[in-house]
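Just below is one structure, and these are the notes that go with it.
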Amino acid sequence: MDGHIFIVQTVLNCLVLGGLFFLIAIGLNIIYGISRVINIAHGSLYALGAYFGYTLVATGLNFMFALILAPLMVAIVGIVIERVILLPTRDRPMVYTLILTYGLMVFMDGLLKYIWGDQILFIHPPDFLSESLTIAGVPYPFYRFFILMATVASMASLYMLIEKTKVGIIMRAASTIPEMVYSLGIDMKLVHVGVFAFGCALAGLGGIIAGPLFTVYPMMGGEMLISCFVVLVVGGLGSIKGVTLAALLIGTVQTLGFVFITDYAMVIVYVMMALILLFMPKGILGEGKFE
Amino acid sequence: MRILELDNIHAYYGDSHVIQGLSLYVDKGEAVSIIGRNGVGKTTTLRSIMGLTPPAQGTIKINGEDSTKWTTNKVVTKGHVAYIPAERHIFPGVTVEENLRIAERKSKKNDQWNLDLIYNKFPILAERRKQDGATLSGGEQQMLAIGRGLMSNPSIMILDEPSQGLAPLIVETVVDTIKQLCKDQTLTLILVEQNYHVAMDLASRHYLMEIKGKIACDMSSQECQEDLDKLIKHLGV
Ligand SMILES: Nc1ncnc2c1ncn2[C@@H]1O[C@H](COP(=O)(O)OP(=O)(O)OP(=O)(O)O)[C@@H](O)[C@H]1O
Ligand SMILES: [Mg+2]
């Protein structure tokens, strides 16, 4: 195999997978940072985004519209989840939401199978995305490049939101002294539901983006959830920068693992997580806020 | 005119009944202090007003309206109350300017305060605007906490032990600042203090609080001066 082609493609593949991990894990992370909820059903919401995307595209909607619509639909489901199971348990210890969202995951995974069946489904991206383009003299699938651009754009807008807007200030402040945020007259109910819906939308976006790449199947949510937990542990739960770095790192390790040792790729990922847990319990940047 | 009234309130932390039937009132434009020993329930009283520890019994009225069941958010936005806790709670990892901006709200009526006016009033905050709030000194943090409270254009300002942990000279600056804010009597002040010099300097009427939020009496500053022994006995200093 041509070394140059291999290197360029592998580097891009690492970034694609890392970017996807970022999209899903960052939502989980922000929700934890502000509401102290670990949403075990986050992977199922990612799967839901993929299934919504499948149905929207299968019924003839333009993929680009589906890319906007599917995340919005997941966000609406998120709002219902927040109102029904998270709001009533807001003042209870975290185990409550752990157990409730675990139950929700089981329920949602069952529901997905019930509605869409067990078989593997395919989302067809539009023709122009199915071609390939040349990057650094190497042919590369346009769709993967598109994912890369979409995640970079999401990452940039997320950083803008967090660093430059009042919503971002509230998010940062609420992850440190939540009570003072309410004492300044900010409607925290709105912040909690907004953040949850936002995280769900990102998971849904990840789902529809991942659909054409990995196909759509019932187990996809559980697999993604595990990868996201690894990312959160490595990055430090609650740390936005740490999780961004960790997503790229795990994306890289997993991609390289599959290229070189296929069968044991995940073993390497887990060993890495265990080592980080042992020696850097607050994540690679030491910014984790796990309580 | 009564701007705030507490009528026979009871407050709990879990099973512990820390405020057992407290009543007090504050008139518009008045500056009132609550003084009492450690742990008698001063902070809890303020938390009840704010809806942070809502009373289990009794009523609270802000501007004549029953606010007992209001959320904290509503107490601030509708009741125009600003709360500055004893811990100050400056957000770490957030700049001085962002600490101020988070409390900013655009309302229709001609607001008294905005970022520029706060910087005018507290030049030290303007100087440190880009700095992480957590890196400020105690006195600067107190200024920032007051400035942040003002950003919501309150008509009632609730201050819990503003002098706590500050050097005497800094206390003087903080007291001067608060005095100036209350000068034109558009701002009503409710102050909790253990330093009775500060309390008497800032407020004109004082509630002496005993264990479990029991109000022993309410005295004017002059009565306090004449009966310093009583005051000192209360504070146990
Ligand atoms: N979060 C809490 N949980 C349980 N008990 C509490 C809590 N906060 C305060 N208390 C108790 O309630 C009582 C009143 O406390 P509060 O903080 O209102 O007193 P305080 O007068 O403000 O005291 P200080 O002068 O020390 O600030 C105390 O006995 C205190 O131990
Ligand atoms: Mg106190």
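Following the order of the structure tokens, chains are lettered A, B, ..., residues in each are numbered from 1, and ligands are numbered from 1.
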- request: Mind checking which residues fall within 7 Å of stretch 180-197 of chain A, counting only C-alpha atoms, ignoring those fewer than 2 positions away in the same chain, and posting them as a list in words?
  value: Ile31, Ser35, Ala75, Ile76, Gly78, Ile79, Glu82, Ala173, Ala174, Ile177, Pro178, Gly199, Cys200 and Ala201 of chain A; Thr72, Asn73, Lys74, Val76, Thr77, Tyr83, His89 and Ala103 of chain B
Keeping only N, CA, C and O atoms, write the selected residues as a PDB file, in the first residue's frame.
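So the final result, stored in result_18.pdb, reads:
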```
ATOM      1  N   ILE A  31     -24.313  18.447  30.131  1.00  0.00           N
ATOM      2  CA  ILE A  31     -25.475  18.143  30.972  1.00  0.00           C
ATOM      3  C   ILE A  31     -25.000  17.792  32.387  1.00  0.00           C
ATOM      4  O   ILE A  31     -25.548  18.263  33.374  1.00  0.00           O
ATOM      5  N   SER A  35     -26.208  20.247  35.282  1.00  0.00           N
ATOM      6  CA  SER A  35     -27.335  19.695  36.028  1.00  0.00           C
ATOM      7  C   SER A  35     -26.930  18.532  36.924  1.00  0.00           C
ATOM      8  O   SER A  35     -27.772  18.007  37.647  1.00  0.00           O
ATOM      9  N   ALA A  75     -34.243  16.740  20.163  1.00  0.00           N
ATOM     10  CA  ALA A  75     -34.286  17.758  21.216  1.00  0.00           C
ATOM     11  C   ALA A  75     -35.674  17.802  21.855  1.00  0.00           C
ATOM     12  O   ALA A  75     -35.805  17.952  23.075  1.00  0.00           O
ATOM     13  N   ILE A  76     -36.701  17.664  21.039  1.00  0.00           N
ATOM     14  CA  ILE A  76     -38.064  17.689  21.580  1.00  0.00           C
ATOM     15  C   ILE A  76     -38.282  16.483  22.496  1.00  0.00           C
ATOM     16  O   ILE A  76     -38.817  16.616  23.599  1.00  0.00           O
ATOM     17  N   GLY A  78     -35.996  15.107  24.083  1.00  0.00           N
ATOM     18  CA  GLY A  78     -35.194  15.472  25.252  1.00  0.00           C
ATOM     19  C   GLY A  78     -35.971  16.355  26.225  1.00  0.00           C
ATOM     20  O   GLY A  78     -35.907  16.165  27.442  1.00  0.00           O
ATOM     21  N   ILE A  79     -36.705  17.308  25.702  1.00  0.00           N
ATOM     22  CA  ILE A  79     -37.487  18.205  26.557  1.00  0.00           C
ATOM     23  C   ILE A  79     -38.516  17.392  27.344  1.00  0.00           C
ATOM     24  O   ILE A  79     -38.693  17.595  28.554  1.00  0.00           O
ATOM     25  N   GLU A  82     -36.769  15.485  30.061  1.00  0.00           N
ATOM     26  CA  GLU A  82     -36.353  16.364  31.151  1.00  0.00           C
ATOM     27  C   GLU A  82     -37.534  16.696  32.055  1.00  0.00           C
ATOM     28  O   GLU A  82     -37.430  16.617  33.279  1.00  0.00           O
ATOM     29  N   ALA A 173     -20.868  29.482  34.956  1.00  0.00           N
ATOM     30  CA  ALA A 173     -21.109  29.837  36.348  1.00  0.00           C
ATOM     31  C   ALA A 173     -21.904  28.736  37.049  1.00  0.00           C
ATOM     32  O   ALA A 173     -21.615  28.360  38.183  1.00  0.00           O
ATOM     33  N   ALA A 174     -22.911  28.203  36.338  1.00  0.00           N
ATOM     34  CA  ALA A 174     -23.785  27.199  36.949  1.00  0.00           C
ATOM     35  C   ALA A 174     -23.026  25.905  37.234  1.00  0.00           C
ATOM     36  O   ALA A 174     -23.424  25.132  38.096  1.00  0.00           O
ATOM     37  N   ILE A 177     -21.074  27.419  40.971  1.00  0.00           N
ATOM     38  CA  ILE A 177     -21.895  27.710  42.159  1.00  0.00           C
ATOM     39  C   ILE A 177     -23.349  27.873  41.710  1.00  0.00           C
ATOM     40  O   ILE A 177     -23.846  28.998  41.583  1.00  0.00           O
ATOM     41  N   PRO A 178     -24.056  26.753  41.475  1.00  0.00           N
ATOM     42  CA  PRO A 178     -25.408  26.860  40.914  1.00  0.00           C
ATOM     43  C   PRO A 178     -26.334  27.743  41.743  1.00  0.00           C
ATOM     44  O   PRO A 178     -27.090  28.537  41.196  1.00  0.00           O
ATOM     45  N   GLY A 199     -27.970  19.168  24.512  1.00  0.00           N
ATOM     46  CA  GLY A 199     -27.146  17.957  24.503  1.00  0.00           C
ATOM     47  C   GLY A 199     -27.791  16.858  23.670  1.00  0.00           C
ATOM     48  O   GLY A 199     -27.108  16.142  22.924  1.00  0.00           O
ATOM     49  N   CYS A 200     -29.120  16.740  23.781  1.00  0.00           N
ATOM     50  CA  CYS A 200     -29.839  15.723  23.003  1.00  0.00           C
ATOM     51  C   CYS A 200     -29.745  16.031  21.517  1.00  0.00           C
ATOM     52  O   CYS A 200     -29.567  15.129  20.697  1.00  0.00           O
ATOM     53  N   ALA A 201     -29.860  17.323  21.165  1.00  0.00           N
ATOM     54  CA  ALA A 201     -29.777  17.696  19.756  1.00  0.00           C
ATOM     55  C   ALA A 201     -28.404  17.325  19.196  1.00  0.00           C
ATOM     56  O   ALA A 201     -28.296  16.803  18.082  1.00  0.00           O
TER      57      ALA A 201
ATOM     58  N   THR B  72     -36.846  31.695  43.614  1.00  0.00           N
ATOM     59  CA  THR B  72     -35.778  32.679  43.790  1.00  0.00           C
ATOM     60  C   THR B  72     -35.721  33.637  42.609  1.00  0.00           C
ATOM     61  O   THR B  72     -35.597  34.852  42.761  1.00  0.00           O
ATOM     62  N   ASN B  73     -35.850  33.039  41.442  1.00  0.00           N
ATOM     63  CA  ASN B  73     -35.832  33.817  40.206  1.00  0.00           C
ATOM     64  C   ASN B  73     -36.897  34.917  40.204  1.00  0.00           C
ATOM     65  O   ASN B  73     -36.648  36.059  39.824  1.00  0.00           O
ATOM     66  N   LYS B  74     -38.063  34.574  40.719  1.00  0.00           N
ATOM     67  CA  LYS B  74     -39.150  35.544  40.749  1.00  0.00           C
ATOM     68  C   LYS B  74     -38.903  36.624  41.812  1.00  0.00           C
ATOM     69  O   LYS B  74     -39.219  37.796  41.591  1.00  0.00           O
ATOM     70  N   VAL B  76     -36.132  37.802  42.634  1.00  0.00           N
ATOM     71  CA  VAL B  76     -35.162  38.745  42.074  1.00  0.00           C
ATOM     72  C   VAL B  76     -35.792  39.586  40.971  1.00  0.00           C
ATOM     73  O   VAL B  76     -35.670  40.811  40.970  1.00  0.00           O
ATOM     74  N   THR B  77     -36.498  38.937  40.046  1.00  0.00           N
ATOM     75  CA  THR B  77     -36.971  39.681  38.880  1.00  0.00           C
ATOM     76  C   THR B  77     -38.245  40.474  39.167  1.00  0.00           C
ATOM     77  O   THR B  77     -38.373  41.609  38.736  1.00  0.00           O
ATOM     78  N   TYR B  83     -29.477  39.699  46.398  1.00  0.00           N
ATOM     79  CA  TYR B  83     -28.955  39.004  47.584  1.00  0.00           C
ATOM     80  C   TYR B  83     -27.454  38.850  47.440  1.00  0.00           C
ATOM     81  O   TYR B  83     -26.970  38.300  46.459  1.00  0.00           O
ATOM     82  N   HIS B  89     -19.626  34.363  46.860  1.00  0.00           N
ATOM     83  CA  HIS B  89     -19.893  33.492  45.716  1.00  0.00           C
ATOM     84  C   HIS B  89     -19.573  34.129  44.374  1.00  0.00           C
ATOM     85  O   HIS B  89     -20.392  34.145  43.466  1.00  0.00           O
ATOM     86  N   ALA B 103     -25.560  38.985  35.713  1.00  0.00           N
ATOM     87  CA  ALA B 103     -26.701  39.498  36.478  1.00  0.00           C
ATOM     88  C   ALA B 103     -27.466  40.581  35.721  1.00  0.00           C
ATOM     89  O   ALA B 103     -28.510  41.039  36.164  1.00  0.00           O
TER      90      ALA B 103
END
```
- request: May I have the residues within 12 Å of A:Leu158 as a ChimeraX atom specification, using only C-alpha atoms and disregarding those fewer than 3 positions away in the same chain?
  value: /A:22-23,26-27,30,151-155,161-165,167-168,171,198-199,202,240-241,244
Expected answer as a PDB file with N, CA and C atoms, in the first residue's frame: residues within 9 Å of ligand 1, only C-alpha atoms and all ligand atoms:
```
ATOM      1  N   TYR B  12     -37.119  25.248  58.056  1.00  0.00           N
ATOM      2  CA  TYR B  12     -36.456  23.992  58.430  1.00  0.00           C
ATOM      3  C   TYR B  12     -35.293  23.702  57.495  1.00  0.00           C
ATOM      4  N   TYR B  13     -34.279  23.008  58.034  1.00  0.00           N
ATOM      5  CA  TYR B  13     -33.313  22.308  57.184  1.00  0.00           C
ATOM      6  C   TYR B  13     -33.568  20.840  57.468  1.00  0.00           C
ATOM      7  N   GLY B  14     -34.189  20.142  56.571  1.00  0.00           N
ATOM      8  CA  GLY B  14     -34.570  18.758  56.846  1.00  0.00           C
ATOM      9  C   GLY B  14     -35.511  18.745  58.035  1.00  0.00           C
ATOM     10  N   ASP B  15     -35.097  18.052  59.111  1.00  0.00           N
ATOM     11  CA  ASP B  15     -35.953  17.977  60.290  1.00  0.00           C
ATOM     12  C   ASP B  15     -35.650  19.075  61.297  1.00  0.00           C
ATOM     13  N   SER B  16     -34.554  19.795  61.086  1.00  0.00           N
ATOM     14  CA  SER B  16     -34.226  20.753  62.146  1.00  0.00           C
ATOM     15  C   SER B  16     -34.919  22.093  61.903  1.00  0.00           C
ATOM     16  N   HIS B  17     -35.649  22.470  62.924  1.00  0.00           N
ATOM     17  CA  HIS B  17     -36.563  23.604  62.869  1.00  0.00           C
ATOM     18  C   HIS B  17     -35.796  24.842  63.303  1.00  0.00           C
ATOM     19  N   VAL B  18     -35.184  25.553  62.369  1.00  0.00           N
ATOM     20  CA  VAL B  18     -34.239  26.598  62.767  1.00  0.00           C
ATOM     21  C   VAL B  18     -34.849  27.983  62.938  1.00  0.00           C
ATOM     22  N   ILE B  19     -35.956  28.252  62.257  1.00  0.00           N
ATOM     23  CA  ILE B  19     -36.645  29.528  62.491  1.00  0.00           C
ATOM     24  C   ILE B  19     -38.033  29.188  63.016  1.00  0.00           C
ATOM     25  N   ILE B  35     -29.117  41.612  63.931  1.00  0.00           N
ATOM     26  CA  ILE B  35     -27.890  41.214  64.632  1.00  0.00           C
ATOM     27  C   ILE B  35     -28.171  40.108  65.635  1.00  0.00           C
ATOM     28  N   GLY B  36     -27.197  39.254  65.802  1.00  0.00           N
ATOM     29  CA  GLY B  36     -27.377  38.124  66.707  1.00  0.00           C
ATOM     30  C   GLY B  36     -26.155  37.221  66.623  1.00  0.00           C
ATOM     31  N   ARG B  37     -26.079  36.311  67.592  1.00  0.00           N
ATOM     32  CA  ARG B  37     -24.902  35.437  67.659  1.00  0.00           C
ATOM     33  C   ARG B  37     -24.841  34.448  66.491  1.00  0.00           C
ATOM     34  N   ASN B  38     -23.741  33.722  66.452  1.00  0.00           N
ATOM     35  CA  ASN B  38     -23.576  32.678  65.445  1.00  0.00           C
ATOM     36  C   ASN B  38     -24.690  31.643  65.546  1.00  0.00           C
ATOM     37  N   GLY B  39     -25.226  31.286  64.419  1.00  0.00           N
ATOM     38  CA  GLY B  39     -26.151  30.152  64.363  1.00  0.00           C
ATOM     39  C   GLY B  39     -27.564  30.423  64.839  1.00  0.00           C
ATOM     40  N   VAL B  40     -27.933  31.699  65.074  1.00  0.00           N
ATOM     41  CA  VAL B  40     -29.305  31.947  65.542  1.00  0.00           C
ATOM     42  C   VAL B  40     -30.329  31.895  64.398  1.00  0.00           C
ATOM     43  N   GLY B  41     -29.845  32.013  63.175  1.00  0.00           N
ATOM     44  CA  GLY B  41     -30.779  31.900  62.050  1.00  0.00           C
ATOM     45  C   GLY B  41     -30.853  33.141  61.170  1.00  0.00           C
ATOM     46  N   LYS B  42     -29.827  33.970  61.223  1.00  0.00           N
ATOM     47  CA  LYS B  42     -29.851  35.206  60.428  1.00  0.00           C
ATOM     48  C   LYS B  42     -29.805  34.887  58.935  1.00  0.00           C
ATOM     49  N   THR B  43     -28.836  34.040  58.567  1.00  0.00           N
ATOM     50  CA  THR B  43     -28.715  33.706  57.148  1.00  0.00           C
ATOM     51  C   THR B  43     -29.956  32.974  56.661  1.00  0.00           C
ATOM     52  N   THR B  44     -30.486  32.094  57.512  1.00  0.00           N
ATOM     53  CA  THR B  44     -31.682  31.339  57.112  1.00  0.00           C
ATOM     54  C   THR B  44     -32.852  32.288  56.849  1.00  0.00           C
ATOM     55  N   THR B  45     -32.964  33.343  57.654  1.00  0.00           N
ATOM     56  CA  THR B  45     -34.017  34.330  57.428  1.00  0.00           C
ATOM     57  C   THR B  45     -33.877  34.935  56.030  1.00  0.00           C
ATOM     58  N   LEU B  46     -32.640  35.311  55.688  1.00  0.00           N
ATOM     59  CA  LEU B  46     -32.419  35.899  54.368  1.00  0.00           C
ATOM     60  C   LEU B  46     -32.728  34.890  53.269  1.00  0.00           C
ATOM     61  N   ARG B  47     -32.315  33.647  53.504  1.00  0.00           N
ATOM     62  CA  ARG B  47     -32.581  32.591  52.511  1.00  0.00           C
ATOM     63  C   ARG B  47     -34.085  32.369  52.330  1.00  0.00           C
ATOM     64  N   ALA B  86     -22.915  35.965  52.401  1.00  0.00           N
ATOM     65  CA  ALA B  86     -21.685  36.205  53.158  1.00  0.00           C
ATOM     66  C   ALA B  86     -20.465  35.619  52.443  1.00  0.00           C
ATOM     67  N   ASP B 160     -25.468  39.891  53.496  1.00  0.00           N
ATOM     68  CA  ASP B 160     -25.145  39.044  54.643  1.00  0.00           C
ATOM     69  C   ASP B 160     -23.683  39.257  55.037  1.00  0.00           C
ATOM     70  N   GLU B 161     -23.473  39.795  56.212  1.00  0.00           N
ATOM     71  CA  GLU B 161     -22.151  40.029  56.772  1.00  0.00           C
ATOM     72  C   GLU B 161     -21.113  40.554  55.773  1.00  0.00           C
ATOM     73  N   VAL B 192     -27.265  41.856  57.539  1.00  0.00           N
ATOM     74  CA  VAL B 192     -26.963  41.000  58.682  1.00  0.00           C
ATOM     75  C   VAL B 192     -25.532  41.309  59.081  1.00  0.00           C
ATOM     76  N   GLU B 193     -25.310  41.558  60.349  1.00  0.00           N
ATOM     77  CA  GLU B 193     -23.952  41.886  60.785  1.00  0.00           C
ATOM     78  C   GLU B 193     -23.672  41.357  62.187  1.00  0.00           C
ATOM     79  N   GLN B 194     -22.460  40.944  62.418  1.00  0.00           N
ATOM     80  CA  GLN B 194     -22.058  40.643  63.787  1.00  0.00           C
ATOM     81  C   GLN B 194     -21.191  41.756  64.329  1.00  0.00           C
ATOM     82  N   MET B 209     -31.696  39.313  67.207  1.00  0.00           N
ATOM     83  CA  MET B 209     -32.214  37.965  67.026  1.00  0.00           C
ATOM     84  C   MET B 209     -31.611  37.023  68.052  1.00  0.00           C
ATOM     85  N   GLU B 210     -32.489  36.186  68.623  1.00  0.00           N
ATOM     86  CA  GLU B 210     -32.027  35.160  69.560  1.00  0.00           C
ATOM     87  C   GLU B 210     -32.181  33.804  68.896  1.00  0.00           C
ATOM     88  N   ILE B 211     -31.740  32.786  69.622  1.00  0.00           N
ATOM     89  CA  ILE B 211     -31.739  31.435  69.086  1.00  0.00           C
ATOM     90  C   ILE B 211     -33.080  31.058  68.438  1.00  0.00           C
ATOM     91  N   LYS B 212     -33.026  30.307  67.342  1.00  0.00           N
ATOM     92  CA  LYS B 212     -34.187  29.836  66.567  1.00  0.00           C
ATOM     93  C   LYS B 212     -34.957  30.978  65.913  1.00  0.00           C
ATOM     94  N   GLY B 213     -34.238  32.033  65.591  1.00  0.00           N
ATOM     95  CA  GLY B 213     -34.873  33.129  64.870  1.00  0.00           C
ATOM     96  C   GLY B 213     -35.854  33.935  65.679  1.00  0.00           C
TER      97      GLY B 213
END
```
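Considering the residues B:Lys28, B:Arg129, B:Arg101, B:Lys121 and counting only C-alpha atoms, chain A has its shortest atom-to-atom contact with B:Arg101.
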When you look at stretch 127-134 of chain A with a cut-off of 10 Å (counting only C-alpha atoms), what residues show up, excluding the ones that are within fewer than 2 positions of it in the same chain? I need them as a PDB file with C-alpha atoms, in the first residue's frame.
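Final file, result.pdb:
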```pdb
ATOM      1  CA  HIS A 124     -28.207   7.325   1.782  1.00  0.00           C
ATOM      2  CA  PRO A 125     -26.404  10.632   1.685  1.00  0.00           C
ATOM      3  CA  ALA A 136      -3.179  16.352  -0.094  1.00  0.00           C
ATOM      4  CA  GLY A 137      -3.109  14.379  -3.336  1.00  0.00           C
ATOM      5  CA  VAL A 138      -5.037  11.507  -1.802  1.00  0.00           C
ATOM      6  CA  PRO A 139      -8.558  10.441  -2.700  1.00  0.00           C
ATOM      7  CA  TYR A 140     -10.920  10.624   0.266  1.00  0.00           C
ATOM      8  CA  PRO A 141     -14.672  10.023   0.542  1.00  0.00           C
ATOM      9  CA  PHE A 142     -16.458  13.355   0.368  1.00  0.00           C
ATOM     10  CA  TYR A 143     -18.918  12.250   3.043  1.00  0.00           C
ATOM     11  CA  ARG A 144     -16.206  11.695   5.627  1.00  0.00           C
ATOM     12  CA  PHE A 145     -14.730  15.064   4.811  1.00  0.00           C
ATOM     13  CA  PHE A 146     -18.170  16.564   5.228  1.00  0.00           C
ATOM     14  CA  PRO A 212     -24.348   6.718   6.429  1.00  0.00           C
TER      15      PRO A 212
END
```
